[in-house]
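Below is the file coords_37.txt, which contains compact mmCIF, C-alpha atoms and all ligand atoms.
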```txt
# COMPACT_ATOMS: atom_id res chain seq x y z
CA MET A 28 -18.90 -30.34 -36.24
CA SER A 29 -22.48 -31.55 -36.30
CA GLY A 30 -25.70 -29.54 -36.52
CA ILE A 31 -25.23 -28.61 -32.90
CA GLY A 32 -21.86 -27.19 -33.86
CA GLU A 33 -23.56 -24.92 -36.38
CA MET A 34 -25.91 -23.67 -33.74
CA ASP A 35 -22.88 -23.07 -31.57
CA GLY A 36 -21.60 -20.90 -34.40
CA MET A 37 -24.37 -18.41 -33.73
CA GLY A 38 -23.94 -18.79 -30.01
CA GLY A 39 -20.23 -18.27 -30.42
CA ILE A 40 -20.74 -14.88 -32.03
CA LYS A 41 -23.12 -13.88 -29.30
CA MET A 42 -20.72 -15.02 -26.61
CA GLU A 43 -17.86 -13.08 -28.15
CA THR A 44 -20.07 -10.03 -28.33
CA THR A 45 -21.07 -10.32 -24.71
CA GLY A 46 -17.43 -10.86 -23.82
CA ILE A 47 -16.39 -7.50 -25.22
CA ARG A 48 -19.15 -5.72 -23.34
CA GLU A 49 -18.20 -7.41 -20.09
CA ASN A 50 -14.53 -6.77 -20.67
CA ILE A 51 -15.12 -3.06 -21.27
CA CYS A 52 -17.26 -2.83 -18.14
CA GLN A 53 -14.53 -4.54 -16.16
CA VAL A 54 -11.76 -2.33 -17.54
CA ASN A 55 -13.81 0.82 -16.87
CA GLY A 56 -14.45 -0.40 -13.33
CA ARG A 57 -10.75 -0.91 -12.74
CA ILE A 58 -9.93 2.49 -14.21
CA ARG A 59 -12.48 4.04 -11.84
CA LYS A 60 -10.92 2.25 -8.88
CA ALA A 61 -7.37 3.23 -9.82
CA CYS A 62 -8.52 6.85 -10.09
CA ALA A 63 -10.21 6.62 -6.70
CA VAL A 64 -7.21 5.19 -4.86
CA SER A 65 -4.85 7.77 -6.38
CA GLY A 66 -7.14 10.78 -5.97
CA ARG A 67 -7.47 11.39 -9.69
CA LYS A 68 -10.52 12.40 -11.67
CA GLU A 69 -12.01 9.71 -13.89
CA SER A 70 -12.45 12.30 -16.61
CA ASP A 71 -8.67 12.74 -16.74
CA VAL A 72 -8.15 9.17 -17.96
CA THR A 73 -9.20 8.01 -21.42
CA LEU A 74 -9.37 4.38 -22.46
CA ILE A 75 -7.98 3.59 -25.90
CA ALA A 76 -9.30 0.28 -27.22
CA VAL A 77 -6.31 -1.25 -29.03
CA SER A 78 -7.95 -3.10 -31.90
CA LYS A 79 -4.93 -4.15 -33.99
CA THR A 80 -5.42 -7.52 -35.73
CA LYS A 81 -9.10 -7.59 -34.67
CA PRO A 82 -11.97 -7.69 -37.17
CA LEU A 83 -14.29 -4.77 -37.79
CA SER A 84 -17.20 -6.55 -36.09
CA MET A 85 -15.32 -6.43 -32.80
CA LEU A 86 -14.58 -2.73 -33.16
CA GLN A 87 -18.25 -2.13 -33.92
CA GLU A 88 -19.21 -3.99 -30.78
CA ALA A 89 -16.80 -1.92 -28.70
CA TYR A 90 -18.21 1.19 -30.36
CA ALA A 91 -21.71 0.10 -29.39
CA CYS A 92 -20.46 -0.16 -25.81
CA GLY A 93 -19.36 3.46 -25.91
CA CYS A 94 -15.71 3.22 -27.00
CA ARG A 95 -14.75 6.16 -29.19
CA HIS A 96 -10.95 5.95 -28.99
CA PHE A 97 -9.28 3.18 -30.97
CA GLY A 98 -5.58 2.40 -31.30
CA GLU A 99 -3.90 0.74 -34.27
CA ASN A 100 -0.24 0.10 -35.03
CA LYS A 101 -0.28 -0.46 -38.80
CA VAL A 102 -1.02 2.26 -41.31
CA GLN A 103 -2.94 0.16 -43.79
CA GLU A 104 -5.09 -1.49 -41.15
CA LEU A 105 -5.86 1.86 -39.57
CA VAL A 106 -6.90 3.38 -42.91
CA GLU A 107 -9.14 0.43 -43.77
CA LYS A 108 -10.89 0.55 -40.41
CA TYR A 109 -11.09 4.34 -40.55
CA ASP A 110 -13.06 4.09 -43.78
CA GLN A 111 -15.53 1.64 -42.30
CA MET A 112 -16.10 2.92 -38.79
CA PRO A 113 -18.34 5.87 -37.82
CA LYS A 114 -16.76 9.27 -38.29
CA ASP A 115 -16.80 10.23 -34.62
CA VAL A 116 -14.16 7.60 -33.80
CA LYS A 117 -10.88 9.07 -32.60
CA TRP A 118 -7.98 7.13 -34.07
CA HIS A 119 -4.63 6.75 -32.34
CA MET A 120 -1.52 5.65 -34.19
CA ILE A 121 0.40 3.78 -31.52
CA GLY A 122 2.89 1.77 -33.57
CA HIS A 123 6.23 2.52 -35.14
CA LEU A 124 5.59 4.81 -38.10
CA GLN A 125 7.63 4.82 -41.29
CA ARG A 126 8.17 8.22 -42.83
CA ASN A 127 6.89 7.19 -46.26
CA LYS A 128 3.51 6.25 -44.74
CA VAL A 129 2.87 9.43 -42.77
CA LYS A 130 0.86 10.93 -45.63
CA TYR A 131 -1.80 8.23 -45.43
CA ILE A 132 -2.80 8.92 -41.83
CA VAL A 133 -1.76 12.43 -40.90
CA ASP A 134 -5.24 13.88 -41.41
CA LYS A 135 -7.07 10.81 -40.11
CA VAL A 136 -5.66 10.33 -36.61
CA CYS A 137 -6.26 12.46 -33.55
CA LEU A 138 -2.87 11.60 -32.06
CA ILE A 139 0.37 9.94 -33.17
CA HIS A 140 1.88 8.36 -30.07
CA SER A 141 5.08 7.01 -31.53
CA VAL A 142 7.29 9.91 -32.59
CA ASP A 143 10.87 9.22 -31.63
CA SER A 144 12.99 11.19 -34.10
CA LEU A 145 13.23 14.68 -35.54
CA ARG A 146 13.19 13.24 -39.07
CA LEU A 147 9.84 11.58 -38.47
CA ALA A 148 8.44 14.74 -36.88
CA GLU A 149 9.66 16.78 -39.87
CA GLU A 150 7.85 14.47 -42.25
CA ILE A 151 4.68 14.68 -40.15
CA SER A 152 4.89 18.48 -40.14
CA LYS A 153 5.45 18.56 -43.89
CA GLU A 154 2.50 16.30 -44.71
CA ALA A 155 0.23 17.99 -42.17
CA GLY A 156 1.12 21.35 -43.70
CA LYS A 157 0.19 20.09 -47.17
CA LYS A 158 -3.22 19.00 -45.89
CA GLY A 159 -3.75 22.18 -43.91
CA VAL A 160 -3.93 20.45 -40.54
CA THR A 161 -1.89 20.51 -37.36
CA ALA A 162 -0.79 17.04 -36.28
CA HIS A 163 -0.94 16.25 -32.58
CA ILE A 164 1.85 13.99 -31.45
CA LEU A 165 3.48 12.40 -28.43
CA VAL A 166 7.18 11.79 -28.05
CA GLU A 167 7.82 8.11 -27.40
CA VAL A 168 10.40 7.53 -24.70
CA ASN A 169 12.20 4.26 -24.14
CA ILE A 170 11.99 4.79 -20.42
CA ALA A 171 13.41 1.41 -19.39
CA ALA A 172 16.23 1.67 -21.97
CA GLU A 173 15.31 -1.66 -23.53
CA GLU A 174 17.39 -2.47 -26.58
CA THR A 175 14.48 -3.99 -28.44
CA LYS A 176 12.21 -0.97 -28.12
CA PHE A 177 11.68 2.11 -30.21
CA GLY A 178 11.56 5.46 -28.50
CA THR A 179 14.01 8.20 -27.70
CA ALA A 180 16.43 7.76 -24.84
CA TRP A 181 15.42 9.53 -21.64
CA GLU A 182 18.55 11.71 -21.79
CA GLU A 183 17.70 12.89 -25.30
CA ALA A 184 14.03 13.57 -24.79
CA VAL A 185 14.28 17.25 -23.79
CA GLN A 186 16.43 18.12 -26.79
CA LEU A 187 14.13 16.22 -29.13
CA VAL A 188 11.08 18.04 -27.76
CA LYS A 189 12.84 21.38 -28.26
CA SER A 190 13.72 20.56 -31.87
CA ILE A 191 10.24 19.30 -32.74
CA ALA A 192 8.62 22.33 -31.06
CA ALA A 193 10.09 24.54 -33.77
CA LEU A 194 8.26 22.74 -36.58
CA PRO A 195 5.22 24.57 -37.97
CA SER A 196 2.52 21.90 -38.30
CA VAL A 197 2.99 19.59 -35.32
CA ARG A 198 2.05 20.07 -31.68
CA ILE A 199 3.57 17.98 -28.94
CA LYS A 200 0.88 17.03 -26.43
CA GLY A 201 2.91 14.87 -24.11
CA LEU A 202 4.84 11.63 -23.79
CA MET A 203 4.27 7.96 -24.45
CA THR A 204 6.07 4.85 -23.31
CA ILE A 205 5.78 1.12 -23.74
CA ALA A 206 6.88 -0.39 -20.45
CA PRO A 207 8.61 -3.78 -20.29
CA TYR A 208 6.51 -6.90 -20.34
CA VAL A 209 6.26 -8.05 -16.74
CA GLU A 210 4.21 -10.53 -14.76
CA ASN A 211 3.97 -8.20 -11.80
CA PRO A 212 2.78 -4.70 -12.81
CA GLU A 213 4.38 -3.21 -9.69
CA LYS A 214 7.72 -3.70 -11.43
CA ASN A 215 6.73 -1.03 -13.95
CA ARG A 216 5.65 1.53 -11.35
CA GLU A 217 9.07 3.20 -11.29
CA TYR A 218 9.09 3.51 -15.09
CA PHE A 219 5.68 5.17 -15.12
CA ALA A 220 6.84 7.50 -12.34
CA ASP A 221 9.98 8.26 -14.38
CA LEU A 222 7.89 9.23 -17.42
CA TYR A 223 5.76 11.50 -15.24
CA ASP A 224 8.89 13.13 -13.77
CA LEU A 225 10.29 13.62 -17.25
CA SER A 226 7.10 15.41 -18.31
CA VAL A 227 7.45 17.73 -15.31
CA ASP A 228 11.10 18.42 -16.19
CA ILE A 229 10.11 19.25 -19.76
CA MET A 230 7.35 21.61 -18.59
CA ARG A 231 9.92 23.46 -16.48
CA GLU A 232 11.90 24.21 -19.64
CA ASN A 233 9.08 26.53 -20.77
CA ILE A 234 9.30 25.44 -24.39
CA ASP A 235 6.94 27.37 -26.68
CA ASN A 236 4.18 25.56 -28.52
CA ILE A 237 4.16 22.36 -26.52
CA ASN A 238 2.38 20.98 -23.53
CA MET A 239 2.69 17.86 -21.44
CA ASP A 240 -1.00 17.25 -20.77
CA VAL A 241 -0.91 13.70 -22.12
CA LEU A 242 0.88 10.71 -20.66
CA SER A 243 0.13 7.61 -22.72
CA MET A 244 1.22 4.66 -20.60
CA GLY A 245 -0.21 1.41 -19.33
CA MET A 246 -1.48 -1.65 -21.21
CA THR A 247 -3.60 -4.64 -20.25
CA GLY A 248 -1.10 -5.93 -17.71
CA ASP A 249 -0.33 -2.69 -15.92
CA TYR A 250 -2.81 0.10 -16.69
CA GLU A 251 -3.97 0.50 -13.10
CA VAL A 252 -0.44 1.14 -11.86
CA ALA A 253 0.09 3.53 -14.79
CA ILE A 254 -3.02 5.50 -13.78
CA GLU A 255 -1.80 5.68 -10.20
CA GLU A 256 1.42 7.21 -11.56
CA GLY A 257 -0.28 9.76 -13.79
CA ALA A 258 -1.40 8.16 -17.08
CA THR A 259 -4.02 10.12 -19.01
CA TYR A 260 -4.37 7.59 -21.83
CA VAL A 261 -4.25 3.85 -21.23
CA ARG A 262 -3.95 1.53 -24.23
CA VAL A 263 -5.80 -1.72 -23.65
CA GLY A 264 -6.02 -4.45 -26.27
CA THR A 265 -6.10 -7.95 -24.83
CA GLY A 266 -8.16 -6.86 -21.84
CA ILE A 267 -10.98 -5.81 -24.19
CA PHE A 268 -10.70 -7.97 -27.31
CA GLY A 269 -8.91 -11.06 -25.99
CA GLU A 270 -5.63 -12.57 -27.12
CA ARG A 271 -4.27 -11.59 -30.51
CA HIS A 272 -3.42 -14.22 -33.10
CA TYR A 273 -0.71 -13.14 -35.47
CA GLY A 274 0.23 -14.94 -38.63
CA ALA A 275 -1.28 -15.50 -42.06
CA VAL A 276 -4.42 -13.45 -42.54
C1 LIG A 301 -0.57 -3.84 -28.77
C2 LIG A 301 -0.29 -2.58 -28.04
C3 LIG A 301 -0.99 -2.26 -26.85
C4 LIG A 301 -2.04 -3.15 -26.23
O1 LIG A 301 -1.44 -4.24 -25.59
P1 LIG A 301 -2.29 -5.22 -24.64
O2 LIG A 301 -1.28 -5.85 -23.77
O3 LIG A 301 -2.99 -6.18 -25.54
O4 LIG A 301 -3.25 -4.38 -23.88
C5 LIG A 301 -0.69 -1.05 -26.25
N1 LIG A 301 0.23 -0.21 -26.74
C6 LIG A 301 0.92 -0.49 -27.87
C7 LIG A 301 1.91 0.48 -28.37
C8 LIG A 301 0.69 -1.69 -28.54
O5 LIG A 301 1.38 -1.94 -29.65
```

Would it be possible to restate this file's structure as structure tokens?
Amino acid sequence: MSGIGEMDGMGGIKMETTGIRENICQVNGRIRKACAVSGRKESDVTLIAVSKTKPLSMLQEAYACGCRHFGENKVQELVEKYDQMPKDVKWHMIGHLQRNKVKYIVDKVCLIHSVDSLRLAEEISKEAGKKGVTAHILVEVNIAAEETKFGTAWEEAVQLVKSIAALPSVRIKGLMTIAPYVENPEKNREYFADLYDLSVDIMRENIDNINMDVLSMGMTGDYEVAIEEGATYVRVGTGIFGERHYGAV
């Protein structure tokens, strides 16, 4: 690139910056609309900016636009960003969590969305106990029974919730699901409705020490439909930060 290209370098940063602001405004506008059409309160829905693979500068920009909830799916990346971002950020662990890594994040995250086994919950309880905290978690449900996905089977969810509820240092706050990738978000409506129904069924069991206040469902392609079906947390990555590029870092 020529000298003009170098000037574009500066402009490029500015454009990217503006892009995040515009994207967040647009996502918030759509959240507002989805709440309006489904008779829900805007304050009942929280946007999680899913910042996995994205550089700190982009998180800082989203923070400057008012985002306080960030979602990551890798322990090391979460810890690094945790150390560098302001302390009032609420971190969400949304990815598959290995038991041997629980100790690194258990006192850093506000919510672990991806608990799908008693063994993992036991480890979380143990490490939380050591640090003198109570870990807030969601049970991840593979609501569409996709073979490639983590998450407990729908039929096993109630039993898993009951078992986890007996652990001393974890609190179940609700359910999470990752819906199938679809072109048409309407195709996921039934899955979101199923997760909502499951949360109602679990509430009816009157299990001590748990609640079902949180439904974490909906991503860039389908968060409006998820809100219409009861989502309280939506996890939006691409819609805020743009496409992700995986590969050598
Ligand atoms: C990456 C990721 C998201 C965000 O996906 P987008 O389609 O980019 O919005 C949401 N939830 C989980 C669990 C993810 O891993």

Selection near range 49-60 of chain A, 8 Å with all atoms listed in the file, sequence-local residues under 3 positions removed, as JSON, numbers by chain: {"A": [45, 46, 63, 64, 69, 72, 74, 89, 92, 250, 251, 254, 266, 267, 268]}

Resulting file, chosen residues, C-alpha atoms, as a compact mmCIF listing (two decimals), keeping the file's coordinate frame:
```txt
# COMPACT_ATOMS: atom_id res chain seq x y z
CA THR A 45 -21.07 -10.32 -24.71
CA GLY A 46 -17.43 -10.86 -23.82
CA ALA A 63 -10.21 6.62 -6.70
CA VAL A 64 -7.21 5.19 -4.86
CA GLU A 69 -12.01 9.71 -13.89
CA VAL A 72 -8.15 9.17 -17.96
CA LEU A 74 -9.37 4.38 -22.46
CA ALA A 89 -16.80 -1.92 -28.70
CA CYS A 92 -20.46 -0.16 -25.81
CA TYR A 250 -2.81 0.10 -16.69
CA GLU A 251 -3.97 0.50 -13.10
CA ILE A 254 -3.02 5.50 -13.78
CA GLY A 266 -8.16 -6.86 -21.84
CA ILE A 267 -10.98 -5.81 -24.19
CA PHE A 268 -10.70 -7.97 -27.31
```

Ala184 in chain A environment, 9 Å, all atoms listed in the file, sequence neighbours closer than 3 positions dropped, as a PyMOL selection string: chain A and resi 143+166-168+179-181+187-189+225+229

Nearby residues, ligand LIG 301 (chain A), 6 Å, only C-alpha atoms and all ligand atoms, as a PyMOL selection string: chain A and resi 77+100+121-122+246-247+262-266

Spatial neighbours of Thr204 in chain A, max dist 10 Å, only C-alpha atoms, sep filter under 6 positions, as a PyMOL selection string: chain A and resi 140-141+165-171+176-179+218-219+222+242-245

Atom-to-atom span, CA of Glu107 in chain A and CA of Tyr273 in chain A, Å: 18.0 Å

Selection near Lys214 in chain A, 10 Å with all atoms listed in the file, sequence-local residues under 6 positions removed, as a VMD selection string: chain A and resid 206 to 208 249 252

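Across the structure, CA of Ile75 in chain A and CA of Arg231 in chain A are spaced 28.4 Å apart.
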
Nearest-residue call for Glu88 in chain A, choices A:Glu217, A:Ile47, A:Gly66, A:Glu150, using only C-alpha atoms: A:Ile47

Pick from A:Ile199, A:Ala155, A:Ala220, A:Val160 nearest to Glu255 in chain A, counting all atoms listed in the file: A:Ala220

Residue nearest Cys137 in chain A - candidates A:Met112, A:His96, A:Ala172, A:Gln103, atoms counted: only C-alpha atoms: A:His96

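Here CA of Cys94 in chain A and CA of Ile164 in chain A stand 21.1 Å from one another.
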
Shell of 10 Å around Lys158 in chain A, all atoms listed in the file, local chain residues under 3 positions omitted, as a list in words: Lys130, Val133, Asp134, Ser152, Lys153, Glu154, Ala155, Thr161 and Ser196 of chain A

Protein and nucleic acid residues near (-2.4, 13.1, -35.9) (cut-off 6 Å, only C-alpha atoms) as a PyMOL selection string: chain A and resi 133+136-139+162-163

Point (3.7, 15.4, -17.4) neighbourhood (8 Å, all atoms listed in the file) written as a ChimeraX atom specification: /A:201-202,222-227,229-230,239-242,257

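Compared by their closest atoms to Arg271 in chain A, and using all atoms listed in the file, the residues A:Val197, A:Lys114, A:Val142, A:Thr80 rank with A:Thr80 nearest.
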
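Between Ala148 in chain A and the residues A:Asn238, A:Ser190, A:Ser78, A:Gln111, the shortest atom-to-atom distance, using all atoms listed in the file, involves A:Ser190.
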
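Of the residues under consideration (A:Asp228, A:Glu149, A:Glu173, A:Asp110), A:Asp110 shows the shortest atom-to-atom contact distance to Lys135 in chain A when counting all atoms listed in the file.
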